[in-house]
file protein.txt (compact mmCIF, C-alpha atoms)
# COMPACT_ATOMS: atom_id res chain seq x y z
CA MET A 1 -62.56 -121.26 -7.12
CA ARG A 2 -64.17 -123.60 -9.67
CA ARG A 3 -63.75 -121.15 -12.51
CA ILE A 4 -60.15 -120.47 -11.60
CA VAL A 5 -59.33 -124.15 -11.99
CA THR A 6 -61.47 -124.45 -15.11
CA LEU A 7 -59.72 -121.54 -16.76
CA ALA A 8 -56.27 -122.80 -15.81
CA LEU A 9 -57.00 -126.34 -17.02
CA ARG A 10 -58.45 -125.08 -20.29
CA ASP A 11 -55.37 -122.97 -20.96
CA LEU A 12 -53.12 -125.86 -20.04
CA ARG A 13 -54.96 -128.19 -22.41
CA LEU A 14 -54.70 -125.64 -25.22
CA GLU A 15 -51.02 -125.14 -24.50
CA LEU A 16 -50.30 -128.87 -24.54
CA ARG A 17 -52.24 -129.31 -27.79
CA GLY A 18 -50.67 -126.30 -29.48
CA ARG A 19 -47.22 -126.88 -28.01
CA ALA A 20 -45.84 -123.70 -29.62
CA GLY A 21 -44.88 -121.86 -26.43
CA LEU A 22 -43.86 -124.87 -24.39
CA PHE A 23 -41.66 -126.33 -27.12
CA ALA A 24 -39.97 -123.00 -27.74
CA ALA A 25 -39.26 -122.65 -24.04
CA LEU A 26 -37.92 -126.19 -23.67
CA PHE A 27 -35.71 -125.88 -26.71
CA PHE A 28 -34.41 -122.55 -25.47
CA LEU A 29 -33.76 -124.11 -22.07
CA GLY A 30 -31.71 -126.90 -23.62
CA VAL A 31 -29.61 -124.44 -25.61
CA VAL A 32 -29.00 -122.22 -22.57
CA LEU A 33 -27.85 -125.21 -20.53
CA LEU A 34 -25.55 -126.39 -23.32
CA ILE A 35 -23.96 -122.97 -23.73
CA LEU A 36 -23.50 -122.45 -20.00
CA GLY A 37 -22.16 -125.96 -19.56
CA PHE A 38 -19.72 -125.43 -22.38
CA ALA A 39 -18.66 -122.02 -21.08
CA LEU A 40 -18.21 -123.08 -17.45
CA GLY A 41 -17.09 -126.72 -17.78
CA PRO A 42 -15.64 -129.21 -17.69
CA GLU A 43 -14.29 -129.06 -14.10
CA LYS A 44 -16.79 -130.71 -11.79
CA ASP A 45 -16.27 -128.22 -8.95
CA ASP A 46 -16.73 -125.20 -11.22
CA LEU A 47 -19.92 -126.65 -12.61
CA ARG A 48 -21.29 -127.48 -9.18
CA ARG A 49 -20.57 -123.99 -7.89
CA ALA A 50 -22.30 -122.46 -10.91
CA ALA A 51 -25.31 -124.81 -10.74
CA PRO A 52 -27.67 -122.61 -8.63
CA GLY A 53 -27.04 -119.62 -10.86
CA VAL A 54 -27.52 -121.72 -13.99
CA LEU A 55 -30.75 -123.17 -12.66
CA TRP A 56 -32.34 -119.79 -12.00
CA VAL A 57 -30.94 -117.97 -15.01
CA ALA A 58 -32.31 -120.69 -17.27
CA LEU A 59 -35.65 -120.71 -15.48
CA ALA A 60 -35.97 -116.92 -15.57
CA PHE A 61 -35.19 -116.77 -19.29
CA ALA A 62 -37.44 -119.68 -20.19
CA GLY A 63 -40.11 -118.15 -17.97
CA SER A 64 -40.02 -114.93 -19.94
CA LEU A 65 -40.82 -116.97 -23.06
CA LEU A 66 -43.73 -118.65 -21.30
CA ALA A 67 -45.03 -115.54 -19.57
CA GLY A 68 -46.92 -114.22 -22.56
CA ARG A 69 -48.58 -117.58 -23.26
CA ALA A 70 -51.31 -117.17 -20.69
CA TRP A 71 -52.79 -114.24 -22.59
CA ALA A 72 -51.54 -114.85 -26.11
CA VAL A 73 -54.22 -117.52 -26.57
CA GLU A 74 -56.95 -115.02 -25.72
CA VAL A 75 -55.58 -112.32 -27.98
CA GLU A 76 -54.97 -114.69 -30.92
CA ASN A 77 -58.53 -115.97 -30.78
CA ASP A 78 -60.02 -112.59 -29.92
CA THR A 79 -61.61 -113.95 -26.78
CA LEU A 80 -60.09 -111.57 -24.24
CA ASP A 81 -63.15 -109.31 -24.30
CA ASP A 82 -65.47 -112.27 -23.78
CA LEU A 83 -63.39 -113.36 -20.83
CA LEU A 84 -63.43 -109.87 -19.32
CA LEU A 85 -67.17 -109.58 -19.87
CA THR A 86 -67.87 -112.68 -17.80
CA PRO A 87 -70.02 -111.64 -14.84
CA GLY A 88 -68.35 -111.25 -11.48
CA SER A 89 -65.16 -109.57 -10.39
CA ARG A 90 -62.04 -109.83 -12.48
CA GLU A 91 -59.65 -111.13 -9.86
CA TRP A 92 -60.56 -114.70 -10.67
CA ILE A 93 -59.27 -114.25 -14.24
CA TYR A 94 -55.93 -113.25 -12.78
CA TRP A 95 -55.93 -116.24 -10.45
CA GLY A 96 -56.85 -118.62 -13.28
CA LYS A 97 -54.09 -117.35 -15.51
CA PHE A 98 -51.70 -117.37 -12.58
CA LEU A 99 -52.49 -121.00 -11.83
CA PHE A 100 -51.93 -121.89 -15.48
CA LEU A 101 -48.57 -120.16 -15.68
CA TRP A 102 -47.54 -121.51 -12.30
CA LEU A 103 -48.29 -125.11 -13.32
CA LEU A 104 -46.38 -124.63 -16.55
CA LEU A 105 -43.41 -123.00 -14.82
CA PHE A 106 -43.25 -125.55 -12.05
CA ALA A 107 -43.32 -128.41 -14.54
CA VAL A 108 -40.47 -126.78 -16.48
CA ALA A 109 -38.64 -126.14 -13.21
CA LEU A 110 -38.85 -129.82 -12.25
CA LEU A 111 -37.43 -130.86 -15.60
CA LEU A 112 -34.75 -128.23 -15.26
CA LEU A 113 -33.85 -129.48 -11.80
CA VAL A 114 -33.17 -132.95 -13.19
CA LEU A 115 -31.21 -131.55 -16.14
CA VAL A 116 -29.07 -129.28 -13.97
CA ALA A 117 -28.50 -132.13 -11.54
CA GLY A 118 -27.28 -134.23 -14.44
CA MET A 119 -25.20 -131.65 -16.27
CA PHE A 120 -23.97 -129.46 -13.41
CA TYR A 121 -23.74 -131.96 -10.53
CA LEU A 122 -26.42 -130.23 -8.47
CA PRO A 123 -26.69 -132.49 -5.40
CA LEU A 124 -30.14 -134.05 -5.43
CA GLU A 125 -29.84 -135.20 -1.80
CA GLN A 126 -31.21 -131.76 -0.96
CA ALA A 127 -34.28 -132.43 -3.12
CA PRO A 128 -36.95 -131.41 -0.55
CA GLY A 129 -35.26 -128.06 0.05
CA LEU A 130 -34.68 -127.52 -3.65
CA LEU A 131 -38.29 -128.33 -4.41
CA LEU A 132 -39.46 -125.85 -1.80
CA THR A 133 -37.19 -123.19 -3.31
CA LEU A 134 -38.49 -123.93 -6.81
CA PHE A 135 -42.05 -123.83 -5.51
CA LEU A 136 -41.59 -120.43 -3.87
CA GLY A 137 -39.55 -119.02 -6.74
CA ALA A 138 -42.01 -120.15 -9.41
CA THR A 139 -44.87 -118.65 -7.38
CA GLY A 140 -43.27 -115.22 -7.22
CA TYR A 141 -42.26 -115.31 -10.86
CA ALA A 142 -45.68 -116.42 -12.06
CA ALA A 143 -47.41 -113.80 -9.89
CA VAL A 144 -45.50 -110.94 -11.50
CA ALA A 145 -45.41 -112.41 -15.01
CA THR A 146 -49.17 -113.09 -15.14
CA PHE A 147 -49.92 -109.57 -14.00
CA TYR A 148 -47.69 -107.80 -16.50
CA ALA A 149 -48.52 -110.14 -19.36
CA GLY A 150 -52.20 -109.30 -18.86
CA LEU A 151 -51.38 -105.63 -18.76
CA VAL A 152 -49.55 -105.54 -22.09
CA ALA A 153 -51.39 -108.43 -23.78
CA ARG A 154 -53.00 -106.23 -26.42
CA LEU A 155 -49.84 -104.36 -27.36
CA ALA A 156 -48.17 -105.34 -30.62
CA THR A 157 -44.81 -105.08 -28.88
CA ALA A 158 -45.89 -107.15 -25.87
CA GLN A 159 -43.19 -109.78 -26.40
CA LEU A 160 -40.56 -107.05 -26.33
CA ILE A 161 -41.79 -105.17 -23.30
CA LEU A 162 -42.76 -108.11 -21.13
CA PRO A 163 -39.23 -109.25 -20.20
CA ILE A 164 -38.28 -105.68 -19.21
CA LEU A 165 -41.35 -105.37 -17.03
CA VAL A 166 -41.07 -108.77 -15.44
CA PHE A 167 -37.33 -108.74 -14.83
CA SER A 168 -37.29 -105.29 -13.30
CA VAL A 169 -39.66 -106.38 -10.58
CA VAL A 170 -38.84 -110.07 -10.21
CA VAL A 171 -35.12 -109.58 -9.51
CA PRO A 172 -35.51 -109.84 -5.71
CA VAL A 173 -37.31 -113.18 -6.10
CA ILE A 174 -34.58 -114.58 -8.34
CA LEU A 175 -31.84 -113.29 -6.01
CA ALA A 176 -33.43 -114.81 -2.93
CA ALA A 177 -34.02 -118.08 -4.80
CA VAL A 178 -30.41 -118.21 -5.99
CA ARG A 179 -29.13 -117.58 -2.47
CA ALA A 180 -31.40 -120.28 -1.03
CA THR A 181 -30.30 -122.77 -3.68
CA LEU A 182 -26.66 -121.85 -3.14
CA GLY A 183 -27.08 -122.38 0.57
CA LEU A 184 -28.54 -125.85 -0.02
CA VAL A 185 -25.77 -126.83 -2.43
CA GLU A 186 -23.01 -125.62 -0.11
CA GLY A 187 -24.57 -127.44 2.83
CA VAL A 188 -25.28 -124.31 4.87
CA PRO A 189 -27.38 -125.09 8.00
CA LEU A 190 -31.09 -125.14 7.16
CA GLY A 191 -31.77 -122.34 9.63
CA GLU A 192 -29.82 -119.91 7.45
CA VAL A 193 -31.43 -121.10 4.24
CA ALA A 194 -34.80 -120.66 5.93
CA ALA A 195 -34.16 -116.90 6.14
CA TRP A 196 -34.13 -116.79 2.34
CA TRP A 197 -37.24 -118.96 2.16
CA LYS A 198 -39.00 -116.55 4.47
CA LEU A 199 -37.99 -113.65 2.26
CA LEU A 200 -39.18 -115.53 -0.82
CA ALA A 201 -42.48 -116.36 0.82
CA ALA A 202 -42.90 -112.70 1.82
CA PHE A 203 -42.29 -111.60 -1.76
CA ASP A 204 -44.75 -114.20 -3.05
CA LEU A 205 -47.44 -113.04 -0.68
CA ILE A 206 -46.91 -109.36 -1.41
CA TYR A 207 -46.72 -109.80 -5.18
CA LEU A 208 -49.74 -112.09 -5.30
CA THR A 209 -51.85 -109.79 -3.15
CA ALA A 210 -50.80 -106.59 -4.91
CA SER A 211 -51.13 -108.09 -8.39
CA SER A 212 -54.55 -109.63 -7.86
CA LEU A 213 -55.87 -106.43 -6.26
CA LEU A 214 -54.44 -104.16 -8.96
CA PHE A 215 -55.34 -106.42 -11.86
CA PRO A 216 -58.96 -105.26 -12.32
CA PHE A 217 -57.70 -101.67 -12.54
CA VAL A 218 -55.03 -102.17 -15.17
CA VAL A 219 -56.64 -104.67 -17.53
CA GLU A 220 -58.32 -103.14 -20.56
CA GLY A 221 -61.89 -103.94 -21.37
CA MET B 1 -61.47 -73.94 -25.46
CA LEU B 2 -61.37 -71.46 -22.61
CA GLY B 3 -60.40 -74.19 -20.23
CA TRP B 4 -57.57 -75.29 -22.44
CA GLU B 5 -56.18 -71.78 -22.71
CA ARG B 6 -56.38 -71.23 -19.01
CA MET B 7 -54.60 -74.49 -18.43
CA GLU B 8 -51.88 -73.49 -20.84
CA THR B 9 -51.23 -70.07 -19.33
CA ALA B 10 -51.23 -71.63 -15.90
CA ARG B 11 -48.53 -74.02 -16.97
CA THR B 12 -46.37 -71.97 -19.28
CA ARG B 13 -45.10 -69.91 -16.37
CA LEU B 14 -43.11 -71.42 -13.57
CA ASP B 15 -45.06 -70.92 -10.41
CA PRO B 16 -43.43 -69.10 -7.46
CA VAL B 17 -43.76 -72.12 -5.15
CA THR B 18 -41.46 -74.20 -7.36
CA VAL B 19 -38.89 -71.43 -7.69
CA GLY B 20 -39.16 -70.69 -3.98
CA LEU B 21 -38.63 -74.33 -3.00
CA LEU B 22 -35.59 -74.65 -5.22
CA ALA B 23 -34.07 -71.34 -4.08
CA LEU B 24 -34.67 -72.14 -0.42
CA GLY B 25 -33.40 -75.68 -0.93
CA PHE B 26 -30.11 -74.56 -2.44
CA ALA B 27 -29.71 -71.87 0.24
CA VAL B 28 -30.21 -74.44 2.99
CA LEU B 29 -27.84 -76.75 1.14
CA LEU B 30 -25.12 -74.09 1.44
CA ILE B 31 -25.70 -73.88 5.19
CA GLY B 32 -25.70 -77.67 5.35
CA PHE B 33 -22.44 -77.76 3.43
CA TYR B 34 -20.90 -75.30 5.91
CA LEU B 35 -22.18 -77.27 8.90
CA ALA B 36 -20.92 -80.51 7.40
CA LEU B 37 -17.45 -79.01 7.10
CA VAL B 38 -17.31 -77.58 10.62
CA ALA B 39 -18.79 -80.67 12.28
CA PRO B 40 -16.18 -82.59 14.26
CA PRO B 41 -14.41 -85.54 12.59
CA ASP B 42 -15.49 -89.01 13.66
CA GLN B 43 -13.59 -90.95 16.30
CA GLN B 44 -13.01 -93.93 14.00
CA GLN B 45 -13.65 -92.61 10.51
CA GLY B 46 -11.97 -89.22 10.83
CA TYR B 47 -12.78 -86.74 8.10
CA LEU B 48 -14.31 -89.43 5.93
CA VAL B 49 -17.46 -89.17 8.00
CA ARG B 50 -18.34 -85.98 6.11
CA ILE B 51 -19.52 -88.09 3.18
CA LEU B 52 -22.30 -89.27 5.47
CA TYR B 53 -24.08 -85.90 5.28
CA LEU B 54 -24.48 -86.34 1.54
CA HIS B 55 -24.91 -90.11 1.53
CA VAL B 56 -27.64 -90.35 4.18
CA ALA B 57 -29.52 -87.25 2.99
CA ALA B 58 -29.55 -88.56 -0.59
CA ALA B 59 -30.59 -92.04 0.56
CA TRP B 60 -33.52 -90.78 2.62
CA THR B 61 -34.85 -88.41 0.02
CA GLY B 62 -34.36 -91.14 -2.57
CA TYR B 63 -36.55 -93.50 -0.56
CA LEU B 64 -39.06 -90.69 -0.07
CA ALA B 65 -39.13 -90.04 -3.81
CA PHE B 66 -39.82 -93.70 -4.62
CA VAL B 67 -42.56 -93.94 -2.00
CA VAL B 68 -44.18 -90.77 -3.37
CA ALA B 69 -43.91 -92.23 -6.89
CA GLY B 70 -45.69 -95.36 -5.68
CA ILE B 71 -48.46 -93.44 -3.91
CA TYR B 72 -49.14 -91.26 -6.94
CA ALA B 73 -49.10 -94.36 -9.15
CA LEU B 74 -51.87 -95.79 -6.95
CA PHE B 75 -53.80 -92.51 -7.27
CA TYR B 76 -53.39 -92.73 -11.01
CA LEU B 77 -54.76 -96.28 -11.23
CA PHE B 78 -57.80 -95.35 -9.15
CA THR B 79 -58.61 -92.05 -10.87
CA ASN B 80 -56.99 -92.29 -14.34
CA ARG B 81 -55.92 -88.65 -14.09
CA PRO B 82 -52.75 -88.09 -16.16
CA ALA B 83 -51.50 -85.44 -13.72
CA TYR B 84 -50.92 -88.17 -11.11
CA ASP B 85 -48.92 -90.20 -13.59
CA ARG B 86 -46.74 -87.19 -14.32
CA VAL B 87 -46.00 -86.58 -10.64
CA SER B 88 -45.26 -90.28 -10.18
CA ALA B 89 -42.78 -90.28 -13.07
CA ALA B 90 -41.17 -87.03 -11.93
CA SER B 91 -40.71 -88.37 -8.42
CA ALA B 92 -39.31 -91.69 -9.66
CA GLU B 93 -36.79 -89.92 -11.87
CA ILE B 94 -35.51 -87.70 -9.08
CA GLY B 95 -35.45 -90.70 -6.79
CA LEU B 96 -33.28 -92.52 -9.30
CA TRP B 97 -30.81 -89.62 -9.48
CA LEU B 98 -30.71 -89.33 -5.71
CA SER B 99 -30.07 -93.07 -5.38
CA LEU B 100 -27.22 -92.86 -7.86
CA LEU B 101 -25.79 -89.94 -5.89
CA MET B 102 -26.15 -92.01 -2.73
CA VAL B 103 -24.33 -94.96 -4.31
CA LEU B 104 -21.59 -92.69 -5.65
CA GLY B 105 -21.05 -91.14 -2.20
CA GLY B 106 -21.15 -94.58 -0.62
CA MET B 107 -18.53 -95.89 -3.02
CA MET B 108 -16.18 -92.99 -2.35
CA TRP B 109 -16.54 -93.72 1.34
CA ALA B 110 -16.28 -97.49 0.97
CA ARG B 111 -13.02 -97.50 -0.97
CA PRO B 112 -10.88 -96.05 1.87
CA THR B 113 -12.97 -97.71 4.61
CA TRP B 114 -13.64 -101.22 3.36
CA GLY B 115 -10.88 -101.23 0.74
CA VAL B 116 -13.29 -101.81 -2.14
CA TYR B 117 -15.85 -99.71 -3.98
CA TRP B 118 -18.48 -102.39 -3.93
CA VAL B 119 -19.28 -105.65 -2.14
CA TRP B 120 -22.23 -107.94 -2.75
CA GLU B 121 -23.65 -107.72 0.74
CA PRO B 122 -27.36 -107.40 1.55
CA ARG B 123 -27.69 -103.61 1.77
CA LEU B 124 -25.71 -102.90 -1.38
CA THR B 125 -27.42 -105.72 -3.25
CA SER B 126 -30.88 -104.53 -2.27
CA VAL B 127 -29.95 -101.01 -3.33
CA ALA B 128 -28.74 -102.35 -6.68
CA VAL B 129 -32.05 -104.17 -7.09
CA MET B 130 -33.96 -101.03 -6.18
CA ILE B 131 -32.06 -99.02 -8.78
CA ALA B 132 -32.58 -101.77 -11.37
CA VAL B 133 -36.33 -101.62 -10.76
CA TYR B 134 -36.47 -97.89 -11.42
CA VAL B 135 -34.21 -98.08 -14.45
CA GLY B 136 -36.72 -100.69 -15.66
CA TYR B 137 -39.47 -98.20 -14.88
CA PHE B 138 -38.04 -95.75 -17.39
CA LEU B 139 -37.34 -98.47 -19.96
CA VAL B 140 -41.02 -99.32 -19.75
CA ARG B 141 -42.02 -95.69 -20.19
CA GLN B 142 -39.77 -95.49 -23.24
CA ALA B 143 -41.02 -98.72 -24.72
CA ILE B 144 -44.77 -98.04 -24.69
CA GLU B 145 -46.12 -95.50 -27.16
CA ASP B 146 -49.75 -95.31 -26.10
CA PRO B 147 -49.85 -92.72 -23.26
CA GLU B 148 -52.63 -94.40 -21.30
CA MET B 149 -51.06 -97.83 -21.50
CA ARG B 150 -47.68 -96.32 -20.65
CA ALA B 151 -49.10 -94.67 -17.56
CA LYS B 152 -50.79 -97.89 -16.41
CA ALA B 153 -47.75 -100.09 -16.95
CA ALA B 154 -45.46 -97.56 -15.28
CA ALA B 155 -47.84 -97.28 -12.34
CA ALA B 156 -47.78 -101.05 -11.96
CA VAL B 157 -43.98 -101.02 -11.82
CA ALA B 158 -43.89 -98.10 -9.40
CA ILE B 159 -46.32 -99.80 -7.02
CA LEU B 160 -44.60 -103.19 -7.03
CA GLY B 161 -41.23 -101.41 -6.86
CA VAL B 162 -42.06 -99.71 -3.57
CA ILE B 163 -41.95 -103.13 -1.91
CA ASN B 164 -38.17 -102.93 -2.23
CA ILE B 165 -37.89 -99.80 -0.11
CA PRO B 166 -38.63 -101.31 3.32
CA ILE B 167 -36.50 -104.34 2.42
CA THR B 168 -33.60 -102.09 1.45
CA TYR B 169 -34.04 -100.07 4.60
CA MET B 170 -34.32 -103.08 6.91
CA SER B 171 -31.57 -105.09 5.20
CA VAL B 172 -28.93 -103.82 7.64
CA TYR B 173 -30.99 -105.12 10.55
CA TRP B 174 -32.14 -108.40 9.02
CA TRP B 175 -28.80 -109.55 7.71
CA ARG B 176 -26.06 -108.07 9.85
CA SER B 177 -23.23 -107.48 7.46
CA ILE B 178 -20.57 -104.91 6.60
CA HIS B 179 -22.82 -101.87 6.09
CA GLN B 180 -23.46 -99.65 9.14
CA THR B 181 -26.86 -99.68 10.73
CA ALA B 182 -28.68 -96.36 10.77
CA SER B 183 -27.24 -93.57 12.92
CA ILE B 184 -30.73 -92.24 13.46
CA ASP B 185 -32.35 -95.50 14.46
CA ILE B 186 -36.08 -95.12 13.97
CA ILE B 187 -36.68 -98.79 14.72
CA ASN B 188 -35.24 -98.62 18.24
CA ARG B 189 -35.73 -94.86 18.61
CA LYS B 190 -32.12 -94.05 19.34
CA VAL B 191 -29.68 -91.57 17.86
CA HIS B 192 -26.06 -92.68 17.70
CA MET B 193 -24.56 -89.31 16.81
CA ALA B 194 -22.95 -86.27 18.36
CA PRO B 195 -25.33 -83.26 18.45
CA ALA B 196 -23.19 -81.19 16.04
CA MET B 197 -23.15 -84.03 13.53
CA LEU B 198 -26.85 -84.66 13.93
CA GLU B 199 -27.53 -80.98 13.31
CA ALA B 200 -25.46 -80.97 10.12
CA LEU B 201 -27.19 -84.13 8.90
CA LEU B 202 -30.67 -82.80 9.59
CA VAL B 203 -29.94 -79.49 7.84
CA ASN B 204 -28.67 -81.38 4.81
CA LEU B 205 -31.70 -83.63 4.92
CA LEU B 206 -33.95 -80.58 4.93
CA ALA B 207 -32.04 -79.10 1.99
CA PHE B 208 -32.34 -82.31 -0.02
CA THR B 209 -36.05 -82.58 0.77
CA LEU B 210 -36.72 -79.00 -0.33
CA ILE B 211 -34.72 -79.48 -3.52
CA TYR B 212 -36.53 -82.75 -4.16
CA LEU B 213 -39.94 -81.10 -3.79
CA GLY B 214 -38.87 -78.24 -6.05
CA PHE B 215 -37.60 -80.59 -8.73
CA VAL B 216 -40.72 -82.75 -8.62
CA ARG B 217 -42.81 -79.66 -9.25
CA LEU B 218 -40.44 -78.54 -12.01
CA LYS B 219 -40.46 -81.95 -13.69
CA GLY B 220 -44.21 -82.22 -13.32
CA TYR B 221 -44.62 -78.84 -14.93
CA LEU B 222 -42.35 -79.77 -17.84
CA ALA B 223 -44.21 -83.05 -18.29
CA ALA B 224 -47.53 -81.19 -18.26
CA ARG B 225 -46.35 -78.98 -21.11
CA GLN B 226 -45.17 -82.04 -22.98
CA ALA B 227 -48.54 -83.71 -22.45
CA LEU B 228 -50.32 -80.63 -23.70
CA LYS B 229 -48.30 -80.91 -26.89
CA GLU B 230 -49.08 -84.60 -27.24
CA GLY B 231 -52.73 -84.05 -26.42
CA PHE B 232 -52.88 -86.50 -23.51
CA ASP B 233 -54.49 -84.62 -20.69
CA GLY B 234 -57.54 -84.76 -18.50
call {"tool": "encode", "arguments": {"input": "protein.txt", "output": "structure tokens"}}
result
Amino acid sequence: MRRIVTLALRDLRLELRGRAGLFAALFFLGVVLLILGFALGPEKDDLRRAAPGVLWVALAFAGSLLAGRAWAVEVENDTLDDLLLTPGSREWIYWGKFLFLWLLLFAVALLLLVLVAGMFYLPLEQAPGLLLTLFLGATGYAAVATFYAGLVARLATAQLILPILVFSVVVPVILAAVRATLGLVEGVPLGEVAAWWKLLAAFDLIYLTASSLLFPFVVEG
Amino acid sequence: MLGWERMETARTRLDPVTVGLLALGFAVLLIGFYLALVAPPDQQQGYLVRILYLHVAAAWTGYLAFVVAGIYALFYLFTNRPAYDRVSAASAEIGLWLSLLMVLGGMMWARPTWGVYWVWEPRLTSVAVMIAVYVGYFLVRQAIEDPEMRAKAAAAVAILGVINIPITYMSVYWWRSIHQTASIDIINRKVHMAPAMLEALLVNLLAFTLIYLGFVRLKGYLAARQALKEGFDG
């Protein structure tokens, strides 16, 4: 557990110092929101109806920019082998990288929530529900993204392949998250939204378990 | 050297099991086709119900193909034997074709029944997601040059993709919507069908399964020859 947190915090510190990935993602996020706002606006009702979709599309795209970051640091500095050679099982490396990506994604998601609330009239009265949805959605996304990013980290074309890999598997998570968000925005009774949360939680659990168990088999070293 | 030659001669000829499975499959398909046409029309759907024999058989074998692809992907990750990867890919490809056939049949049925070809309801959406996953599977295979890396990445997609199958199957029970629940209800162990219809469906299902098995062997054999040419074998 200690090393998981250590690894995640180290990566986070490096990311914040380097800023390359995070800045690119934030800039990209801003542009996506501007384009979507321009394309869908300026009617308030249209924007509000589109808000859940905008939120998750932007997060999914920005996430695909961030996904590679967890491993790019290791490959750039040629430290991936050292990391893999550390005694003990390899699951903890997955968990450390997952925690890093999850923290990054969730932070971006929080910022995004505020931005979408401002630009697309997403009702923030539902904040607890929205936060829960973001929490579950980011978990599923990070679980899959960390796994695949580790798998292709050494490939020269990793940046190209990663979105294909991640999106093909993460679609159910995004769909469930969009539906949950939509339900919250439209004021559907919480019982119905909870069905989507349950589905999201089930995906998170399955993806996390499968990814962490498979990780030692697929990672090169 | 001897081993390599033996392997090549073993794989340059189609084995009788594959040919037999395909021949038997298509023969049973003819019988199934006949039975589907003589089966009585449905009380509510009339003659339209005949699409069901194709739709359900394709859906089931499609699910089967994806599950087999996932299982062989697991085998591959544990053993690193390229043969398992080839079977996994062959099964996934046939599964994808069967799913597309299933969707096509479903759309032809849906247009006169629901009035539209497609609605975004849970079953259809989960099927669309399932198909997207396996299209992604082949994009991944195309995108990665290194055979070992390709096999590993594809296996990872095939294994995580299988998770969609039970969700797709259960979607009609979890979110009651416009799509029918299963006529052969394995959850509640009930069959909601007339015997003649059930017989036609089961014969078609058998035909599809035999054809599926034959094609997996055929595809696996073609892939093995390809691998021999590329020099990725073990």
call {"tool": "atom_distance", "arguments": {"input": "protein.txt", "atom1": "atom CA of B:Lys152", "atom2": "atom CA of A:Leu83"}}
result
20.4 Å
call {"tool": "atom_distance", "arguments": {"input": "protein.txt", "atom1": "atom CA of A:Trp102", "atom2": "atom CA of A:Gly140"}}
result
9.1 Å
call {"tool": "closest_residue", "arguments": {"input": "protein.txt", "among": "B:Val17, B:Ala200, B:Val119, B:Ala154", "to": "chain A", "atoms": "only C-alpha atoms"}}
result
B:Ala154
call {"tool": "interface_residues", "arguments": {"input": "protein.txt", "of": "chain A", "to": "chain B", "cutoff": "8 Å", "atoms": "only C-alpha atoms", "output": "list in words"}}
result
Tyr148, Leu151, Val152, Ile161, Ile164, Leu165, Ser168, Val169, Val171, Pro172, Ile206, Tyr207, Ala210, Leu214, Phe217 and Val218 of chain A
call {"tool": "atom_distance", "arguments": {"input": "protein.txt", "atom1": "atom CA of B:Ser88", "atom2": "atom CA of B:Val68"}}
result
6.9 Å
call {"tool": "decode", "arguments": {"input": "protein.txt", "residues": "stretch 88-99 of chain B", "atoms": "N, CA and C atoms", "output": "compact mmCIF listing (two decimals), in the first residue's frame"}}
result
# COMPACT_ATOMS: atom_id res chain seq x y z
N SER B 88 -8.31 -17.23 -31.05
CA SER B 88 -9.05 -16.11 -30.45
C SER B 88 -9.46 -15.11 -31.53
N ALA B 89 -8.52 -14.76 -32.40
CA ALA B 89 -8.82 -13.78 -33.45
C ALA B 89 -9.84 -14.34 -34.42
N ALA B 90 -9.70 -15.61 -34.78
CA ALA B 90 -10.65 -16.23 -35.72
C ALA B 90 -12.05 -16.20 -35.15
N SER B 91 -12.16 -16.57 -33.87
CA SER B 91 -13.46 -16.60 -33.23
C SER B 91 -14.07 -15.21 -33.13
N ALA B 92 -13.24 -14.22 -32.80
CA ALA B 92 -13.75 -12.85 -32.68
C ALA B 92 -14.25 -12.35 -34.03
N GLU B 93 -13.53 -12.70 -35.09
CA GLU B 93 -13.95 -12.21 -36.41
C GLU B 93 -15.30 -12.80 -36.80
N ILE B 94 -15.44 -14.11 -36.59
CA ILE B 94 -16.72 -14.74 -36.96
C ILE B 94 -17.83 -14.21 -36.06
N GLY B 95 -17.49 -13.99 -34.79
CA GLY B 95 -18.47 -13.40 -33.89
C GLY B 95 -18.95 -12.05 -34.37
N LEU B 96 -18.01 -11.26 -34.89
CA LEU B 96 -18.36 -9.94 -35.39
C LEU B 96 -19.31 -10.05 -36.59
N TRP B 97 -19.00 -10.96 -37.51
CA TRP B 97 -19.89 -11.15 -38.67
C TRP B 97 -21.26 -11.62 -38.24
N LEU B 98 -21.29 -12.58 -37.29
CA LEU B 98 -22.57 -13.08 -36.82
C LEU B 98 -23.38 -11.98 -36.15
N SER B 99 -22.70 -11.12 -35.39
CA SER B 99 -23.41 -10.02 -34.72
C SER B 99 -23.98 -9.05 -35.74
